[in-house]
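Just below is one structure, and these are the notes that go with it.
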Amino acid sequence: MTENHYYVRPVAGVWHVTWNDSPELIGSYSSQHEAEALAQLLAGHMRVQGRKAEVHTFEPETRTPSWGRNRAANQAAVA
């Protein structure tokens, strides 16, 4: 039985959905929820066909607002 793996990864502020080791992008979404929903839908389709399928979701990127980075840099420069 073939295993299918769907990956949901944050990349530069958007969520990418990819399949197995393929470099091809299935989709790119602005929210994690949309990307995971697509991956779950595709995995469910594979399961209905009698195949194994898993969805792997990576942690969201920790993003600091630009004002926070500038503030920290200014505080470090003054200290």
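Identifiers for the structure tokens are assigned positionally: chains receive A, B, ... in sequence, residues are indexed from 1 per chain, and ligands are indexed from 1 in the order shown.
Near A:Asn20, within a cut-off of 9 Å and counting only C-alpha atoms, sit the residues Glu3, Asn4, His5, Tyr6, Tyr7, Thr18, Ser22 and Pro23 of chain A, with same-chain residues fewer than 2 positions away left out.
In terms of minimum interatomic distance to A:Val11, A:Ser28 ranks closest within A:Glu54, A:Ala37, A:Ser28, A:Gly44, counting only C-alpha atoms.
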I'd like the interatomic distance between atom CA of A:Gln32 and atom CA of A:Val14, to a tenth of an Å. 8.0 Å
For the interface of stretch 20-46 of chain A with stretch 57-60 of chain A (cut-off 10 Å, counting only C-alpha atoms), please tabulate each contacting residue of stretch 20-46 of chain A alongside its nearest pair of atoms and their separation in Å to one decimal, rows sorted by chain and increasing number, as a Markdown table.
```
| residue | atom | partner | partner_atom | distance |
| --- | --- | --- | --- | --- |
| A:Gln32 | CA | A:Pro60 | CA | 8.2 |
| A:Ala35 | CA | A:Thr57 | CA | 9.3 |
| A:Glu36 | CA | A:Thr57 | CA | 7.4 |
| A:Ala39 | CA | A:Thr57 | CA | 9.3 |
```
Selection near A:Glu34, 10 Å with only C-alpha atoms, sequence-local residues under 6 positions removed, as a PyMOL selection string: chain A and resi 15+17+27-28+40
Sel. of strand (DSSP E) residues, stretch 9-54 of chain A, as a VMD selection string: chain A and resid 9 to 11 14 to 19 25 to 29 52 to 54
So the first atom is atom CA of A:Gly50 and the second is atom CA of A:Thr2; what is the distance between them in Å, to one decimal place?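 Answer for the atom CA of A:Gly50 to atom CA of A:Thr2 separation: 9.3 Å.
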